[in-house]
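Trainee: Dropping in protein27.csv, which is CSV, C-alpha atoms:
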chain,number,residue,atom,x,y,z
F,22,MET,CA,135.6,181.1,182.3
F,23,THR,CA,138.4,183.7,183.0
F,24,GLU,CA,141.7,182.5,184.1
F,25,GLU,CA,142.8,183.6,187.5
F,26,LYS,CA,145.6,186.2,187.2
F,27,LYS,CA,148.8,184.8,188.7
F,28,GLU,CA,150.9,187.2,190.7
F,29,PRO,CA,154.5,187.5,189.6
F,30,VAL,CA,157.3,186.0,191.7
F,31,LEU,CA,159.9,188.4,192.9
F,32,THR,CA,163.4,187.1,193.2
F,33,PHE,CA,166.2,188.2,195.6
F,34,PHE,CA,169.8,187.2,195.0
F,35,VAL,CA,172.1,187.4,198.0
F,36,ILE,CA,175.7,187.5,196.9
F,37,SER,CA,178.5,187.3,199.4
F,38,ASP,CA,182.2,186.6,199.6
F,39,SER,CA,181.5,184.8,203.0
F,40,ALA,CA,178.4,183.2,204.5
F,41,GLY,CA,176.0,185.8,203.4
F,42,GLU,CA,174.1,186.1,206.7
F,43,THR,CA,174.0,189.9,206.8
F,44,ALA,CA,172.4,190.3,203.3
F,45,SER,CA,170.1,187.3,203.9
F,46,LYS,CA,168.6,188.9,207.0
F,47,LEU,CA,168.0,192.1,205.1
F,48,ALA,CA,166.3,190.2,202.3
F,49,GLN,CA,164.1,188.3,204.7
F,50,ALA,CA,163.2,191.5,206.6
F,51,THR,CA,162.1,193.1,203.3
F,52,MET,CA,160.1,190.1,202.3
F,53,ALA,CA,158.4,189.9,205.6
F,54,GLN,CA,156.7,193.3,204.8
F,55,TYR,CA,154.9,191.7,201.9
F,56,PRO,CA,153.1,188.6,203.1
F,57,SER,CA,150.9,188.5,200.0
F,58,VAL,CA,153.8,188.5,197.6
F,59,GLU,CA,155.5,185.3,196.4
F,60,PHE,CA,159.3,185.5,196.7
F,61,GLU,CA,162.2,183.4,195.8
F,62,LEU,CA,165.5,183.8,197.6
F,63,PHE,CA,168.8,182.6,196.1
F,64,ARG,CA,172.0,182.7,198.1
F,65,ARG,CA,175.3,182.6,196.3
F,66,THR,CA,178.0,182.6,199.0
F,67,PHE,CA,181.8,182.4,199.1
F,68,ILE,CA,182.0,184.3,195.8
F,69,THR,CA,185.7,185.4,195.6
F,70,THR,CA,186.6,185.4,191.9
F,71,LYS,CA,185.4,187.4,188.9
F,72,SER,CA,184.3,184.4,187.0
F,73,ALA,CA,182.2,183.1,189.9
F,74,LEU,CA,180.7,186.6,190.3
F,75,LEU,CA,179.9,187.0,186.6
F,76,LYS,CA,178.2,183.6,186.5
F,77,THR,CA,176.1,184.5,189.6
F,78,LEU,CA,175.2,187.9,188.1
F,79,ALA,CA,174.1,186.3,184.8
F,80,ASP,CA,171.8,183.9,186.8
F,81,ALA,CA,170.4,186.9,188.6
F,82,LYS,CA,169.7,188.7,185.4
F,83,LYS,CA,167.6,185.8,184.1
F,84,HIS,CA,165.3,186.3,187.1
F,85,ASN,CA,165.4,190.1,186.9
F,86,ALA,CA,166.4,189.8,190.5
F,87,ILE,CA,166.8,192.3,193.3
F,88,ILE,CA,170.5,191.9,194.2
F,89,LEU,CA,171.8,192.4,197.7
F,90,HIS,CA,175.5,191.9,198.2
F,91,THR,CA,178.2,192.0,200.8
F,92,LEU,CA,181.4,192.0,198.8
F,93,ILE,CA,184.5,193.6,200.2
F,94,GLU,CA,187.1,193.3,197.4
F,95,PRO,CA,187.0,196.6,195.4
F,96,GLU,CA,187.3,194.8,192.0
F,97,LEU,CA,184.4,192.6,192.7
F,98,VAL,CA,182.3,195.5,194.1
F,99,ALA,CA,183.1,197.5,190.9
F,100,LEU,CA,182.3,194.5,188.7
F,101,ALA,CA,178.9,193.9,190.4
F,102,HIS,CA,178.0,197.6,190.1
F,103,GLU,CA,179.0,197.8,186.4
F,104,PHE,CA,177.1,194.6,185.5
F,105,CYS,CA,173.9,195.7,187.3
F,106,GLU,CA,174.0,199.2,185.9
F,107,GLU,CA,174.4,197.9,182.4
F,108,SER,CA,171.7,195.2,182.9
F,109,GLY,CA,169.2,197.5,184.6
F,110,LEU,CA,169.2,195.4,187.7
F,111,TYR,CA,168.4,196.8,191.1
F,112,HIS,CA,171.4,196.2,193.4
F,113,PHE,CA,172.2,197.3,196.9
F,114,ASP,CA,175.8,197.2,198.3
F,115,VAL,CA,175.2,196.5,202.0
F,116,LEU,CA,178.9,196.7,203.2
F,117,THR,CA,180.8,199.3,201.2
F,118,PRO,CA,179.1,202.6,202.4
F,119,PRO,CA,179.6,202.0,206.2
F,120,VAL,CA,183.1,200.6,205.7
F,121,THR,CA,184.0,203.7,203.6
F,122,GLU,CA,182.5,206.0,206.2
F,123,VAL,CA,184.6,204.4,209.0
F,124,ALA,CA,187.7,204.8,206.8
F,125,ARG,CA,186.8,208.5,206.2
F,126,ARG,CA,186.3,209.2,209.9
F,127,THR,CA,189.4,207.3,211.2
F,128,GLY,CA,191.9,207.6,208.4
F,129,ILE,CA,192.4,203.9,208.7
F,130,GLU,CA,192.0,201.6,205.7
F,131,PRO,CA,189.9,198.5,206.1
F,132,THR,CA,191.6,195.1,205.8
F,133,ARG,CA,189.2,194.1,203.0
F,134,GLU,CA,189.3,190.6,204.2
F,135,PRO,CA,186.3,188.4,203.2
F,136,GLY,CA,184.6,186.7,206.1
F,137,ALA,CA,186.4,188.8,208.8
F,138,LEU,CA,183.4,188.7,211.0
F,139,HIS,CA,183.7,184.9,211.3
F,140,HIS,CA,187.3,184.8,212.5
F,141,LEU,CA,188.1,182.0,215.0
F,142,ASN,CA,189.2,184.7,217.5
F,143,LYS,CA,188.4,185.2,221.2
F,144,ASN,CA,184.9,186.3,220.4
F,145,TYR,CA,184.2,183.0,218.5
F,146,PHE,CA,185.5,180.8,221.3
F,147,LYS,CA,183.6,182.8,223.9
F,148,ARG,CA,180.4,182.1,221.9
F,149,ILE,CA,181.2,178.4,221.8
F,150,LYS,CA,181.7,178.3,225.6
F,151,ALA,CA,178.4,180.2,226.1
F,152,MET,CA,176.5,177.6,223.9
F,153,GLU,CA,178.1,174.8,225.9
F,154,PHE,CA,177.0,176.5,229.1
F,155,ALA,CA,173.4,176.8,227.8
F,156,VAL,CA,173.3,173.1,227.0
F,157,LYS,CA,174.8,172.1,230.3
F,158,TYR,CA,172.4,174.2,232.4
F,159,ASP,CA,169.3,173.7,230.3
F,160,ASP,CA,166.1,172.8,232.1
F,161,GLY,CA,167.6,173.3,235.6
F,162,LYS,CA,169.9,170.3,235.2
F,163,ASP,CA,172.3,171.9,237.7
F,164,PRO,CA,171.1,174.9,239.8
F,165,ARG,CA,174.7,175.8,240.5
F,166,GLY,CA,174.8,177.2,237.0
F,167,PHE,CA,172.5,180.1,238.1
F,168,LEU,CA,175.4,181.5,240.1
F,169,GLU,CA,177.6,181.7,237.0
F,170,ALA,CA,175.0,182.8,234.5
F,171,ASP,CA,174.6,186.2,232.8
F,172,VAL,CA,170.9,185.5,232.4
F,173,VAL,CA,168.6,183.1,234.1
F,174,LEU,CA,165.3,182.3,232.3
F,175,LEU,CA,162.3,181.0,234.2
F,176,GLY,CA,159.0,179.7,232.8
F,177,VAL,CA,156.4,177.0,232.6
F,178,SER,CA,156.7,174.4,229.8
F,179,ARG,CA,156.6,175.8,226.2
F,180,THR,CA,157.5,179.4,226.9
F,181,SER,CA,160.6,179.1,224.7
F,182,LYS,CA,163.2,178.8,227.4
F,183,THR,CA,165.6,176.5,225.6
F,184,PRO,CA,165.5,178.3,222.2
F,185,LEU,CA,166.0,181.6,223.9
F,186,SER,CA,168.9,180.2,225.9
F,187,LEU,CA,170.7,179.1,222.7
F,188,PHE,CA,169.8,182.3,220.8
F,189,LEU,CA,171.3,184.5,223.6
F,190,ALA,CA,174.3,182.1,223.9
F,191,ASN,CA,175.0,182.9,220.3
F,192,LYS,CA,175.5,186.5,221.5
F,193,ASN,CA,178.2,185.3,224.0
F,194,LEU,CA,175.9,185.3,227.0
F,195,LYS,CA,175.9,182.5,229.6
F,196,VAL,CA,172.3,181.5,230.0
F,197,ALA,CA,170.7,179.0,232.4
F,198,ASN,CA,167.0,178.2,232.6
F,199,LEU,CA,164.6,176.5,234.9
F,200,PRO,CA,161.1,175.0,234.1
F,201,LEU,CA,158.5,175.9,236.7
F,202,VAL,CA,155.9,173.5,238.0
F,203,PRO,CA,153.5,174.3,240.8
F,204,GLN,CA,154.6,172.9,244.2
F,205,ALA,CA,157.9,171.9,242.7
F,206,HIS,CA,161.1,172.7,244.7
F,207,ILE,CA,162.7,176.0,243.9
F,208,PRO,CA,166.5,175.8,244.1
F,209,LYS,CA,168.0,177.9,246.8
F,210,GLN,CA,170.5,179.3,244.3
F,211,LEU,CA,167.7,181.3,242.7
F,212,TRP,CA,167.4,183.4,245.8
F,213,GLU,CA,171.1,184.0,245.9
F,214,ILE,CA,171.5,185.8,242.6
F,215,ASP,CA,170.8,189.3,241.5
F,216,PRO,CA,167.1,189.5,240.4
F,217,LYS,CA,168.2,191.8,237.7
F,218,LYS,CA,169.8,188.8,236.0
F,219,ILE,CA,166.5,186.8,236.1
F,220,VAL,CA,163.8,186.9,233.4
F,221,GLY,CA,160.4,185.4,234.0
F,222,LEU,CA,158.7,184.2,230.9
F,223,THR,CA,154.9,184.0,230.8
F,224,ASN,CA,152.2,183.4,228.1
F,225,ASP,CA,148.5,183.8,227.5
F,226,PRO,CA,146.5,180.7,228.7
F,227,ASN,CA,144.7,180.1,225.4
F,228,VAL,CA,147.9,180.5,223.3
F,229,LEU,CA,149.8,178.1,225.6
F,230,ASN,CA,146.9,175.7,225.4
F,231,GLY,CA,147.1,175.6,221.6
F,232,ILE,CA,150.9,175.2,221.6
F,233,ARG,CA,150.8,172.3,224.0
F,234,LYS,CA,148.0,170.6,222.0
F,235,GLU,CA,150.1,170.9,218.9
F,236,ARG,CA,153.1,169.5,220.7
F,237,MET,CA,151.1,166.4,221.8
F,238,ILE,CA,149.8,165.9,218.2
F,239,ALA,CA,153.3,166.1,216.9
F,240,TYR,CA,154.3,163.3,219.2
F,241,GLY,CA,151.3,161.2,218.0
F,242,LEU,CA,149.6,161.5,221.4
F,243,ASN,CA,146.2,162.6,222.6
F,244,PRO,CA,146.1,166.4,222.7
F,245,ASP,CA,143.6,166.6,225.5
F,246,THR,CA,145.6,165.7,228.6
F,247,ALA,CA,146.4,167.4,231.9
F,248,TYR,CA,149.4,168.9,230.1
F,249,SER,CA,147.1,171.0,227.8
F,250,ASP,CA,144.2,171.4,230.2
F,251,ILE,CA,143.3,175.1,230.3
F,252,GLU,CA,142.7,175.2,234.1
F,253,LYS,CA,146.0,173.5,234.8
F,254,ILE,CA,147.7,176.0,232.5
F,255,LYS,CA,146.2,178.9,234.4
F,256,GLU,CA,147.3,177.4,237.7
F,257,GLU,CA,150.9,177.0,236.3
F,258,LEU,CA,151.0,180.6,235.0
F,259,GLU,CA,149.6,181.9,238.3
F,260,PHE,CA,152.3,180.0,240.2
F,261,ALA,CA,155.0,181.3,237.9
F,262,ASN,CA,153.8,184.9,238.2
F,263,ASP,CA,153.6,184.7,242.0
F,264,LEU,CA,157.2,183.6,242.0
F,265,TYR,CA,158.3,186.4,239.6
F,266,GLN,CA,156.7,188.9,242.0
F,267,LYS,CA,158.5,187.5,245.0
F,268,LEU,CA,161.8,187.5,243.1
F,269,GLY,CA,161.3,191.0,241.7
F,270,CYS,CA,162.6,190.0,238.3
F,271,THR,CA,161.8,191.2,234.8
F,272,ILE,CA,158.6,189.6,233.3
F,273,ILE,CA,158.0,189.1,229.6
F,274,ASN,CA,154.8,187.7,228.0
F,275,VAL,CA,156.0,185.8,224.9
F,276,ALA,CA,152.5,185.1,223.5
F,277,THR,CA,153.0,187.3,220.4
F,278,LEU,CA,156.8,187.6,220.4
F,279,SER,CA,159.3,185.8,218.2
F,280,ILE,CA,162.5,184.5,219.7
F,281,GLU,CA,164.4,187.4,218.2
F,282,GLU,CA,162.0,190.0,219.7
F,283,THR,CA,162.0,188.4,223.1
F,284,ALA,CA,165.8,188.3,223.1
F,285,SER,CA,165.9,191.9,222.1
F,286,ILE,CA,163.7,192.9,225.0
F,287,ILE,CA,165.9,190.8,227.4
F,288,LEU,CA,169.0,192.6,226.2
F,289,ASN,CA,167.3,196.0,226.7
F,290,GLU,CA,165.8,195.2,230.1
F,291,LEU,CA,169.0,193.7,231.4
F,292,GLU,CA,171.1,196.5,229.8
F,293,LEU,CA,173.1,193.9,227.8
F,294,ASP,CA,173.7,196.0,224.7
F,295,ASP,CA,175.6,194.5,221.8
F,296,HIS,CA,178.9,196.3,222.6
F,297,SER,CA,178.9,194.5,226.0
F,298,TYR,CA,179.4,191.1,224.6
F,299,TYR,CA,181.1,191.7,221.2
F,300,VAL,CA,184.9,191.3,221.5
F,301,THR,CA,187.0,193.0,218.8
F,302,ASP,CA,190.6,192.1,217.9
F,303,ALA,CA,191.7,195.2,219.7
F,304,ASP,CA,190.3,193.8,222.9
F,305,GLU,CA,192.5,190.7,222.6
F,306,GLU,CA,195.8,192.6,222.5
Do you think you could lay out the structure here as structure tokens?

Mentor:
Amino acid sequence: MTEEKKEPVLTFFVISDSAGETASKLAQATMAQYPSVEFELFRRTFITTKSALLKTLADAKKHNAIILHTLIEPELVALAHEFCEESGLYHFDVLTPPVTEVARRTGIEPTREPGALHHLNKNYFKRIKAMEFAVKYDDGKDPRGFLEADVVLLGVSRTSKTPLSLFLANKNLKVANLPLVPQAHIPKQLWEIDPKKIVGLTNDPNVLNGIRKERMIAYGLNPDTAYSDIEKIKEELEFANDLYQKLGCTIINVATLSIEETASIILNELELDDHSYYVTDADEE
């Protein structure tokens, strides 16, 4: 009997002098392209000394790791480069090239401050307020929130309204959402706001049926109820789509979309580009 050949495990090491989110996203985006490959991802964050960096690099070498780093201190960047070159390790410096290019074009030297992205500045507190807003006006708790919101999400149950609200809030947008149920009262405030701020979420009946059944099973309940009945679901979706047509709002089918993809479509459709909600220190002066 021949032994089954085991595929090798590829290892990513994310090294950062801060939280490491940027390099982690890059690693995850890369791994997603190879669903049949087994990966390990190690995050080594808040690396701010040579000794800590050398220890981390030595660990990475044991795994013959692919190294992605976002280090801003020149000495640490140089140390990482030298170690990886001598060890034959693949390494990618995510931060230095664009930072250097900005310095070249502007003649202004970067602050080279670790974790500068996460300053507790105006941008940070605006994001916190947006998240508090999303929680306060989740599930139509107070329709008055529609009048203050940057985005209003509508949708039947299990169309990702709440996760989307929080995801967009993390981009400093005030988001309110309303669950739609046939024959339910539609708040008058919905007709008072610009339909360009409204997004109607829909789904495919069969997909929604499966999601709702899984939800009931997760609660330890019978999956076959009126909540997951395919005809009831079709009725709900028809009601929602009729409302969307009357409102003249943007409609997005989330059946095959991740939260990130849906959020990106919303930002594009509502022309809410990144620069419209990111506040720089210069804006605070």

Trainee: Applying 7 Å and only C-alpha atoms, which residues near region 255-257 of chain F remain after dropping the ones on its own chain fewer than 4 positions away? List them as a compact mmCIF listing (two decimals) with C-alpha atoms, in the coordinates of the input.

Mentor:
# COMPACT_ATOMS: atom_id res chain seq x y z
CA VAL F 177 156.40 177.00 232.60
CA VAL F 202 155.90 173.50 238.00
CA PRO F 203 153.50 174.30 240.80
CA PRO F 226 146.50 180.70 228.70
CA ILE F 251 143.30 175.10 230.30
CA ALA F 261 155.00 181.30 237.90

Trainee: So which residues are close to (180.7, 186.3, 200.3), meaning at most 6 Å away in the file's coordinates with only C-alpha atoms counted, and can you show them as a ChimeraX atom specification?

Mentor: /F:37-41,66-68,92

Trainee: Separation of CA of Arg165 (chain F) and CA of Ser285 (chain F), in Å?

Mentor: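 The value is 26.0 Å.
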
Trainee: Have a look at F:Asp215, F:Glu290, F:Glu42, F:Asp80 and name the one nearest to Val115 (chain F); count all atoms listed in the file.

Mentor: F:Glu42

Trainee: To one decimal in Å, tell me the separation between CA of Phe113 (chain F) and CA of His140 (chain F).

Mentor: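 Computed distance, CA of Phe113 (chain F) to CA of His140 (chain F), equals 25.1 Å.
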
Trainee: List the neighbours of Ala48 (chain F) out to 10 Å using only C-alpha atoms; skip same-chain residues closer than 3 positions along the sequence, and give me the result as a ChimeraX atom specification.

Mentor: /F:33-35,42-45,51-53,62,87-89

Trainee: Restricting it to C-alpha atoms, dump the selection as a compact mmCIF listing (two decimals), in the coordinates of the input.

Mentor:
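Result written to part30.txt:
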# COMPACT_ATOMS: atom_id res chain seq x y z
CA PHE F 33 166.20 188.20 195.60
CA PHE F 34 169.80 187.20 195.00
CA VAL F 35 172.10 187.40 198.00
CA GLU F 42 174.10 186.10 206.70
CA THR F 43 174.00 189.90 206.80
CA ALA F 44 172.40 190.30 203.30
CA SER F 45 170.10 187.30 203.90
CA THR F 51 162.10 193.10 203.30
CA MET F 52 160.10 190.10 202.30
CA ALA F 53 158.40 189.90 205.60
CA LEU F 62 165.50 183.80 197.60
CA ILE F 87 166.80 192.30 193.30
CA ILE F 88 170.50 191.90 194.20
CA LEU F 89 171.80 192.40 197.70

Trainee: If you count all atoms listed in the file, which residues fall within 12 Å of Ile232 (chain F), apart from same-chain ones fewer than 6 positions away, as a list of chain:residue names?

Mentor: F:Ser178, F:Arg179, F:Thr180, F:Ser181, F:Asn224, F:Asp225, F:Pro226, F:Ile238, F:Ala239, F:Pro244, F:Asp245, F:Tyr248, F:Ser249, F:Asp250, F:Ile251, F:Ile254, F:Ala276

Trainee: To one decimal place, how far is CA of Ile214 (chain F) from CA of Ile149 (chain F) in Å?

Mentor: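 That distance, rounded to one decimal, is 24.1 Å.
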
Trainee: As a short mmCIF file (atom, residue, chain, number, x, y, z; two decimals) with C-alpha atoms, in the frame of the given file, please: the residues near region 207-210 of chain F (cut-off 8 Å, all atoms listed in the file, same-chain neighbours under 2 positions excluded).

Mentor:
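Written file, part_31.cif:
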data_model
loop_
_atom_site.label_atom_id
_atom_site.label_comp_id
_atom_site.auth_asym_id
_atom_site.auth_seq_id
_atom_site.Cartn_x
_atom_site.Cartn_y
_atom_site.Cartn_z
CA PRO F 164 171.10 174.90 239.80
CA ARG F 165 174.70 175.80 240.50
CA PHE F 167 172.50 180.10 238.10
CA LEU F 168 175.40 181.50 240.10
CA ALA F 205 157.90 171.90 242.70
CA TRP F 212 167.40 183.40 245.80
CA GLU F 213 171.10 184.00 245.90
CA ILE F 214 171.50 185.80 242.60
#

Trainee: With distances taken over all atoms listed in the file, which of F:Ile93, F:Ala79, F:Leu185, F:Ile219 is nearest to Ser279 (chain F)?

Mentor: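 Residue with the minimum atom-to-atom distance to Ser279 (chain F): F:Leu185.
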
Trainee: In terms of the shortest atom-to-atom distance over all atoms listed in the file, which of F:Ser57, F:Glu281, F:Tyr111, F:Leu47 is closest to Leu78 (chain F)?

Mentor: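 Residue with the minimum atom-to-atom distance to Leu78 (chain F): F:Tyr111.
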
Trainee: Will you model N, CA, C and O atoms for region 52-72 of chain F and pass it back as a JSON list (two decimals), keeping the file's coordinate frame?

Mentor:
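Output saved as result_18.json:
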[["chain", "number", "residue", "atom", "x", "y", "z"],
["F", 52, "MET", "N", 161.17, 190.95, 202.69],
["F", 52, "MET", "CA", 160.10, 190.10, 202.30],
["F", 52, "MET", "C", 158.98, 189.95, 203.28],
["F", 52, "MET", "O", 157.80, 189.81, 202.93],
["F", 53, "ALA", "N", 159.35, 190.04, 204.56],
["F", 53, "ALA", "CA", 158.40, 189.90, 205.60],
["F", 53, "ALA", "C", 157.32, 191.05, 205.57],
["F", 53, "ALA", "O", 156.22, 190.91, 206.11],
["F", 54, "GLN", "N", 157.66, 192.17, 204.93],
["F", 54, "GLN", "CA", 156.70, 193.30, 204.80],
["F", 54, "GLN", "C", 155.66, 193.07, 203.76],
["F", 54, "GLN", "O", 154.72, 193.85, 203.66],
["F", 55, "TYR", "N", 155.81, 192.00, 202.98],
["F", 55, "TYR", "CA", 154.90, 191.70, 201.90],
["F", 55, "TYR", "C", 154.36, 190.28, 201.97],
["F", 55, "TYR", "O", 154.74, 189.44, 201.15],
["F", 56, "PRO", "N", 153.54, 189.96, 202.97],
["F", 56, "PRO", "CA", 153.10, 188.60, 203.10],
["F", 56, "PRO", "C", 152.26, 188.05, 201.98],
["F", 56, "PRO", "O", 152.15, 186.83, 201.81],
["F", 57, "SER", "N", 151.70, 188.93, 201.16],
["F", 57, "SER", "CA", 150.90, 188.50, 200.00],
["F", 57, "SER", "C", 151.67, 188.27, 198.76],
["F", 57, "SER", "O", 151.14, 187.80, 197.76],
["F", 58, "VAL", "N", 152.95, 188.63, 198.80],
["F", 58, "VAL", "CA", 153.80, 188.50, 197.60],
["F", 58, "VAL", "C", 154.60, 187.22, 197.66],
["F", 58, "VAL", "O", 155.12, 186.84, 198.71],
["F", 59, "GLU", "N", 154.70, 186.57, 196.51],
["F", 59, "GLU", "CA", 155.50, 185.30, 196.40],
["F", 59, "GLU", "C", 156.94, 185.69, 196.09],
["F", 59, "GLU", "O", 157.19, 186.38, 195.10],
["F", 60, "PHE", "N", 157.86, 185.22, 196.91],
["F", 60, "PHE", "CA", 159.30, 185.50, 196.70],
["F", 60, "PHE", "C", 160.07, 184.24, 196.50],
["F", 60, "PHE", "O", 159.70, 183.17, 196.98],
["F", 61, "GLU", "N", 161.21, 184.39, 195.84],
["F", 61, "GLU", "CA", 162.20, 183.40, 195.80],
["F", 61, "GLU", "C", 163.52, 184.03, 196.31],
["F", 61, "GLU", "O", 163.78, 185.20, 196.02],
["F", 62, "LEU", "N", 164.28, 183.29, 197.09],
["F", 62, "LEU", "CA", 165.50, 183.80, 197.60],
["F", 62, "LEU", "C", 166.66, 182.86, 197.24],
["F", 62, "LEU", "O", 166.66, 181.68, 197.63],
["F", 63, "PHE", "N", 167.62, 183.35, 196.47],
["F", 63, "PHE", "CA", 168.80, 182.60, 196.10],
["F", 63, "PHE", "C", 170.01, 183.12, 196.83],
["F", 63, "PHE", "O", 170.24, 184.34, 196.81],
["F", 64, "ARG", "N", 170.76, 182.24, 197.45],
["F", 64, "ARG", "CA", 172.00, 182.70, 198.10],
["F", 64, "ARG", "C", 173.18, 182.13, 197.36],
["F", 64, "ARG", "O", 173.28, 180.92, 197.11],
["F", 65, "ARG", "N", 174.08, 183.02, 197.01],
["F", 65, "ARG", "CA", 175.30, 182.60, 196.30],
["F", 65, "ARG", "C", 176.46, 183.14, 197.25],
["F", 65, "ARG", "O", 176.77, 184.32, 197.29],
["F", 66, "THR", "N", 177.04, 182.19, 197.97],
["F", 66, "THR", "CA", 178.00, 182.60, 199.00],
["F", 66, "THR", "C", 179.44, 182.12, 198.60],
["F", 66, "THR", "O", 179.63, 181.30, 197.71],
["F", 67, "PHE", "N", 180.40, 182.71, 199.30],
["F", 67, "PHE", "CA", 181.80, 182.40, 199.10],
["F", 67, "PHE", "C", 182.22, 182.73, 197.63],
["F", 67, "PHE", "O", 182.97, 181.97, 197.01],
["F", 68, "ILE", "N", 181.70, 183.82, 197.11],
["F", 68, "ILE", "CA", 182.00, 184.30, 195.80],
["F", 68, "ILE", "C", 183.29, 185.17, 195.88],
["F", 68, "ILE", "O", 183.24, 186.30, 196.39],
["F", 69, "THR", "N", 184.42, 184.64, 195.44],
["F", 69, "THR", "CA", 185.70, 185.40, 195.60],
["F", 69, "THR", "C", 186.45, 185.58, 194.33],
["F", 69, "THR", "O", 187.56, 186.13, 194.36],
["F", 70, "THR", "N", 185.90, 185.16, 193.20],
["F", 70, "THR", "CA", 186.60, 185.40, 191.90],
["F", 70, "THR", "C", 185.65, 186.06, 190.94],
["F", 70, "THR", "O", 184.42, 186.00, 191.06],
["F", 71, "LYS", "N", 186.22, 186.73, 189.94],
["F", 71, "LYS", "CA", 185.40, 187.40, 188.90],
["F", 71, "LYS", "C", 184.56, 186.48, 188.15],
["F", 71, "LYS", "O", 183.40, 186.78, 187.85],
["F", 72, "SER", "N", 185.10, 185.32, 187.81],
["F", 72, "SER", "CA", 184.30, 184.40, 187.00],
["F", 72, "SER", "C", 183.11, 183.87, 187.77],
["F", 72, "SER", "O", 182.02, 183.74, 187.21]]
